[in-house]
Amino acid sequence: MVARVIVASLLASVLWFMWGYVFWGLSGIPVATGMMAPLPNELDGTASVKARTVFGELKTGVYAYPFPPPSDGDEATIAAFANRYEAGPLMHIFYQQDGGPAMPPTQFLFGWLHMFGLCLGFGLLLMIVRTAVPTFASRFAVVALVGLIAATMTNVGSAIWFHHPWPYQLGSAAYDLVGALIAAVVLAAMVRFPQSQSQS
(Lines give C-alpha, C1' and ligand atoms only; values in the text may rest on other atoms or scores of the structure.)
Protein backbone atom coordinates (compact mmCIF):
# COMPACT_ATOMS: atom_id res chain seq x y z
CA MET A 1 0.00 0.00 0.00
CA VAL A 2 2.84 2.41 0.83
CA ALA A 3 4.43 1.65 -2.54
CA ARG A 4 1.15 2.46 -4.28
CA VAL A 5 0.95 5.80 -2.46
CA ILE A 6 4.52 6.63 -3.49
CA VAL A 7 3.91 5.74 -7.15
CA ALA A 8 0.64 7.68 -7.22
CA SER A 9 2.34 10.66 -5.58
CA LEU A 10 5.12 10.58 -8.16
CA LEU A 11 2.62 10.62 -11.02
CA ALA A 12 0.41 13.26 -9.42
CA SER A 13 3.35 15.55 -8.66
CA VAL A 14 4.64 15.31 -12.24
CA LEU A 15 1.19 16.27 -13.58
CA TRP A 16 0.96 19.08 -11.01
CA PHE A 17 4.37 20.32 -12.10
CA MET A 18 3.22 20.33 -15.72
CA TRP A 19 0.12 22.30 -14.70
CA GLY A 20 2.39 24.87 -13.06
CA TYR A 21 4.39 25.23 -16.26
CA VAL A 22 1.20 25.73 -18.28
CA PHE A 23 -0.34 28.21 -15.83
CA TRP A 24 2.70 30.37 -15.06
CA GLY A 25 4.69 29.90 -18.26
CA LEU A 26 2.43 29.31 -21.24
CA SER A 27 -1.14 30.39 -20.57
CA GLY A 28 -0.73 34.12 -19.99
CA ILE A 29 -3.41 33.86 -17.28
CA PRO A 30 -1.44 35.74 -14.58
CA VAL A 31 -1.16 38.84 -16.79
CA ALA A 32 -4.55 38.56 -18.51
CA THR A 33 -6.41 38.33 -15.20
CA GLY A 34 -4.50 41.18 -13.57
CA MET A 35 -2.65 38.95 -11.13
CA MET A 36 0.67 40.58 -12.01
CA ALA A 37 1.95 43.40 -14.20
CA PRO A 38 5.40 44.76 -14.96
CA LEU A 39 6.62 47.91 -13.27
CA PRO A 40 6.63 51.03 -15.46
CA ASN A 41 9.88 51.37 -17.38
CA GLU A 42 11.06 47.98 -16.15
CA LEU A 43 13.26 47.61 -19.22
CA ASP A 44 15.07 50.83 -18.40
CA GLY A 45 18.73 49.96 -17.89
CA THR A 46 18.85 52.15 -14.80
CA ALA A 47 15.93 50.38 -13.08
CA SER A 48 18.16 48.37 -10.72
CA VAL A 49 20.13 51.49 -9.83
CA LYS A 50 16.89 53.34 -9.09
CA ALA A 51 15.64 50.47 -6.96
CA ARG A 52 18.81 50.46 -4.88
CA THR A 53 18.53 54.22 -4.49
CA VAL A 54 14.94 53.92 -3.26
CA PHE A 55 15.47 50.97 -0.96
CA GLY A 56 19.01 51.79 0.08
CA GLU A 57 20.80 48.90 1.73
CA LEU A 58 17.78 47.03 3.02
CA LYS A 59 18.48 43.46 4.03
CA THR A 60 16.54 40.66 2.39
CA GLY A 61 13.18 40.43 4.12
CA VAL A 62 9.57 41.57 4.21
CA TYR A 63 8.74 45.22 4.83
CA ALA A 64 5.40 46.95 5.41
CA TYR A 65 4.40 50.57 4.89
CA PRO A 66 3.00 52.20 6.84
CA PHE A 67 4.33 50.06 9.66
CA PRO A 68 1.96 49.82 12.63
CA PRO A 69 3.17 51.41 15.87
CA PRO A 70 3.64 49.33 19.02
CA SER A 71 0.50 48.62 21.00
CA ASP A 72 1.72 50.92 23.78
CA GLY A 73 2.51 53.80 21.39
CA ASP A 74 1.41 57.31 22.25
CA GLU A 75 -1.71 58.84 20.73
CA ALA A 76 0.21 61.09 18.33
CA THR A 77 2.14 58.13 16.88
CA ILE A 78 -1.03 56.06 16.48
CA ALA A 79 -2.86 58.98 14.85
CA ALA A 80 0.04 59.58 12.43
CA PHE A 81 -0.03 55.90 11.45
CA ALA A 82 -3.80 56.02 10.90
CA ASN A 83 -3.44 59.08 8.68
CA ARG A 84 -0.70 57.47 6.55
CA TYR A 85 -2.75 54.26 6.31
CA GLU A 86 -5.86 56.09 5.16
CA ALA A 87 -3.95 58.23 2.66
CA GLY A 88 -2.04 55.29 1.15
CA PRO A 89 -0.25 53.73 -0.52
CA LEU A 90 -0.23 50.45 1.41
CA MET A 91 2.76 48.23 0.68
CA HIS A 92 4.14 44.83 1.57
CA ILE A 93 7.56 44.56 -0.01
CA PHE A 94 9.15 41.13 -0.41
CA TYR A 95 12.72 42.22 -0.95
CA GLN A 96 15.62 40.10 -2.18
CA GLN A 97 18.80 42.17 -2.02
CA ASP A 98 20.99 40.02 -4.24
CA GLY A 99 20.13 38.73 -7.68
CA GLY A 100 20.83 35.30 -9.12
CA PRO A 101 20.06 32.98 -12.02
CA ALA A 102 16.52 33.19 -13.39
CA MET A 103 14.75 29.86 -12.70
CA PRO A 104 17.82 27.64 -12.14
CA PRO A 105 17.40 23.84 -12.24
CA THR A 106 17.51 23.63 -8.44
CA GLN A 107 14.43 25.86 -8.23
CA PHE A 108 12.49 23.48 -10.47
CA LEU A 109 13.76 20.53 -8.41
CA PHE A 110 12.68 22.04 -5.09
CA GLY A 111 9.34 23.08 -6.63
CA TRP A 112 8.67 19.51 -7.74
CA LEU A 113 9.81 18.09 -4.39
CA HIS A 114 7.34 20.42 -2.70
CA MET A 115 4.52 19.08 -4.88
CA PHE A 116 5.65 15.50 -4.31
CA GLY A 117 5.64 16.05 -0.56
CA LEU A 118 2.12 17.48 -0.71
CA CYS A 119 0.93 14.47 -2.71
CA LEU A 120 2.53 12.12 -0.19
CA GLY A 121 0.67 13.99 2.53
CA PHE A 122 -2.61 13.54 0.68
CA GLY A 123 -1.84 9.84 0.27
CA LEU A 124 -1.02 9.46 3.95
CA LEU A 125 -4.32 11.12 4.84
CA LEU A 126 -6.19 8.62 2.66
CA MET A 127 -4.42 5.76 4.43
CA ILE A 128 -5.41 7.18 7.82
CA VAL A 129 -9.10 7.46 6.88
CA ARG A 130 -9.15 4.41 4.59
CA THR A 131 -12.20 2.81 6.23
CA ALA A 132 -14.22 5.95 5.50
CA VAL A 133 -13.23 6.29 1.82
CA PRO A 134 -14.19 3.05 0.05
CA THR A 135 -15.02 4.66 -3.29
CA PHE A 136 -13.27 6.84 -5.85
CA ALA A 137 -15.71 9.66 -5.14
CA SER A 138 -15.08 9.61 -1.40
CA ARG A 139 -11.30 9.53 -1.81
CA PHE A 140 -11.47 12.35 -4.35
CA ALA A 141 -13.70 14.41 -2.04
CA VAL A 142 -11.29 14.12 0.89
CA VAL A 143 -8.24 15.25 -1.08
CA ALA A 144 -10.21 17.96 -2.90
CA LEU A 145 -11.57 19.35 0.38
CA VAL A 146 -8.13 19.49 1.98
CA GLY A 147 -6.81 21.13 -1.20
CA LEU A 148 -9.57 23.74 -1.09
CA ILE A 149 -8.81 24.54 2.54
CA ALA A 150 -5.08 24.83 1.86
CA ALA A 151 -5.57 26.92 -1.29
CA THR A 152 -7.82 29.46 0.39
CA MET A 153 -6.33 29.62 3.88
CA THR A 154 -3.40 31.93 3.25
CA ASN A 155 -4.35 33.32 -0.14
CA VAL A 156 -7.72 34.67 0.93
CA GLY A 157 -6.36 35.56 4.36
CA SER A 158 -3.65 37.74 2.85
CA ALA A 159 -6.24 39.65 0.82
CA ILE A 160 -8.42 40.21 3.87
CA TRP A 161 -5.80 41.07 6.48
CA PHE A 162 -2.95 42.59 4.49
CA HIS A 163 -4.84 44.11 1.53
CA HIS A 164 -2.95 42.01 -0.99
CA PRO A 165 -4.73 42.46 -4.34
CA TRP A 166 -7.67 40.10 -4.76
CA PRO A 167 -6.86 39.19 -8.39
CA TYR A 168 -3.44 37.86 -7.37
CA GLN A 169 -4.63 36.01 -4.27
CA LEU A 170 -7.68 34.48 -5.97
CA GLY A 171 -5.59 33.53 -8.99
CA SER A 172 -3.03 31.87 -6.73
CA ALA A 173 -5.79 30.07 -4.86
CA ALA A 174 -7.25 28.81 -8.15
CA TYR A 175 -3.82 27.61 -9.29
CA ASP A 176 -3.27 25.75 -6.00
CA LEU A 177 -6.75 24.24 -6.08
CA VAL A 178 -6.35 22.89 -9.62
CA GLY A 179 -3.06 21.31 -8.58
CA ALA A 180 -4.79 19.67 -5.63
CA LEU A 181 -7.63 18.45 -7.86
CA ILE A 182 -5.10 16.85 -10.20
CA ALA A 183 -3.60 15.07 -7.20
CA ALA A 184 -7.09 14.10 -6.02
CA VAL A 185 -7.93 12.39 -9.31
CA VAL A 186 -4.67 10.41 -9.45
CA LEU A 187 -4.64 9.41 -5.78
CA ALA A 188 -8.33 8.53 -5.69
CA ALA A 189 -7.87 6.28 -8.72
CA MET A 190 -4.65 4.60 -7.63
CA VAL A 191 -4.77 4.45 -3.83
CA ARG A 192 -7.40 1.77 -3.35
CA PHE A 193 -7.56 -0.40 -0.27
CA PRO A 194 -8.01 -4.16 0.17
CA GLN A 195 -11.57 -5.39 0.62
CA SER A 196 -10.73 -6.38 4.19
CA GLN A 197 -10.07 -2.74 5.03
CA SER A 198 -12.66 -1.03 2.82
CA GLN A 199 -14.81 -1.65 -0.19
CA SER A 200 -13.09 -0.27 -3.30
# chains A, B, ... in the order shown; residues from 1 in each chain; ligands from 1
>>> select_by_dssp(residues="chain A", states="alpha helix (DSSP H)", output="VMD selection string")
chain A and resid 2 to 20 29 to 32 47 to 55 75 to 87 105 to 128 136 to 162 166 to 190
>>> select_by_dssp(residues="segment 11-160 of chain A", states="strand (DSSP E or B)", output="PyMOL selection string")
chain A and resi 61-65+91-95
>>> closest_atom_pairs(of="segment 142-162 of chain A", to="segment 112-122 of chain A", cutoff="12 Å", atoms="only C-alpha atoms", output="tab-separated table")
residue	atom	partner	partner_atom	distance
A:Val142	CA	A:Phe122	CA	8.7
A:Val143	CA	A:Phe122	CA	6.1
A:Ala144	CA	A:Phe122	CA	9.5
A:Leu145	CA	A:Phe122	CA	10.7
A:Val146	CA	A:Phe122	CA	8.2
A:Gly147	CA	A:Phe122	CA	8.9
A:Ala150	CA	A:Leu118	CA	10.6
>>> write_last_selection(atoms="N, CA and C atoms", output="tab-separated table (two decimals), in the first residue's frame")
chain	number	residue	atom	x	y	z
A	142	VAL	N	-12.17	13.83	-0.24
A	142	VAL	CA	-11.29	14.12	0.89
A	142	VAL	C	-10.10	14.95	0.44
A	143	VAL	N	-9.42	14.52	-0.60
A	143	VAL	CA	-8.24	15.25	-1.08
A	143	VAL	C	-8.65	16.63	-1.61
A	144	ALA	N	-9.76	16.68	-2.35
A	144	ALA	CA	-10.21	17.96	-2.90
A	144	ALA	C	-10.55	18.94	-1.79
A	145	LEU	N	-11.20	18.46	-0.73
A	145	LEU	CA	-11.57	19.35	0.38
A	145	LEU	C	-10.33	19.89	1.09
A	146	VAL	N	-9.36	19.03	1.35
A	146	VAL	CA	-8.13	19.49	1.98
A	146	VAL	C	-7.41	20.49	1.06
A	147	GLY	N	-7.42	20.21	-0.24
A	147	GLY	CA	-6.81	21.13	-1.20
A	147	GLY	C	-7.49	22.48	-1.20
A	150	ALA	N	-6.46	24.34	1.96
A	150	ALA	CA	-5.08	24.83	1.86
A	150	ALA	C	-4.96	25.99	0.88
>>> closest_residue(among="A:Phe108, A:Thr131, A:Leu126, A:Ser138", to="Gly20 of chain A", atoms="only C-alpha atoms")
A:Phe108
>>> closest_residue(among="A:Pro165, A:Ala151, A:Ser9, A:Gln96", to="Met190 of chain A", atoms="only C-alpha atoms")
A:Ser9
>>> closest_residue(among="A:Gly171, A:Arg130, A:Tyr85, A:Ser71", to="Trp24 of chain A", atoms="only C-alpha atoms")
A:Gly171
>>> residues_around(residues="Pro69 of chain A", least_positions_apart="5", cutoff="12 Å", atoms="only C-alpha atoms", output="list in words")
Ala64, Asp74, Glu75, Ala76, Thr77, Ile78, Ala79, Ala80, Phe81, Ala82, Arg84 and Tyr85 of chain A
>>> residues_around(residues="Ala183 of chain A", least_positions_apart="4", cutoff="7 Å", atoms="only C-alpha atoms", output="list of chain:residue names")
A:Ala12, A:Cys119, A:Gly179, A:Leu187
>>> residues_around(residues="Ala188 of chain A", least_positions_apart="5", cutoff="8 Å", atoms="only C-alpha atoms", output="PDB file with N, CA, C and O atoms, in the first residue's frame")
ATOM      1  N   PHE A 136     -14.025   5.777  -5.180  1.00  0.00           N
ATOM      2  CA  PHE A 136     -13.270   6.836  -5.849  1.00  0.00           C
ATOM      3  C   PHE A 136     -13.796   8.203  -5.444  1.00  0.00           C
ATOM      4  O   PHE A 136     -13.032   9.118  -5.142  1.00  0.00           O
ATOM      5  N   ALA A 137     -15.109   8.363  -5.445  1.00  0.00           N
ATOM      6  CA  ALA A 137     -15.707   9.662  -5.140  1.00  0.00           C
ATOM      7  C   ALA A 137     -15.362  10.129  -3.737  1.00  0.00           C
ATOM      8  O   ALA A 137     -15.067  11.310  -3.519  1.00  0.00           O
ATOM      9  N   ARG A 139     -12.735   9.211  -1.893  1.00  0.00           N
ATOM     10  CA  ARG A 139     -11.300   9.529  -1.811  1.00  0.00           C
ATOM     11  C   ARG A 139     -11.012  10.866  -2.486  1.00  0.00           C
ATOM     12  O   ARG A 139     -10.251  11.691  -1.983  1.00  0.00           O
ATOM     13  N   PHE A 140     -11.634  11.079  -3.651  1.00  0.00           N
ATOM     14  CA  PHE A 140     -11.467  12.350  -4.352  1.00  0.00           C
ATOM     15  C   PHE A 140     -11.960  13.507  -3.486  1.00  0.00           C
ATOM     16  O   PHE A 140     -11.316  14.551  -3.397  1.00  0.00           O
TER      17      PHE A 140
END
>>> closest_residue(among="A:Val62, A:Ile182, A:Met103, A:Met35", to="Leu170 of chain A", atoms="only C-alpha atoms")
A:Met35
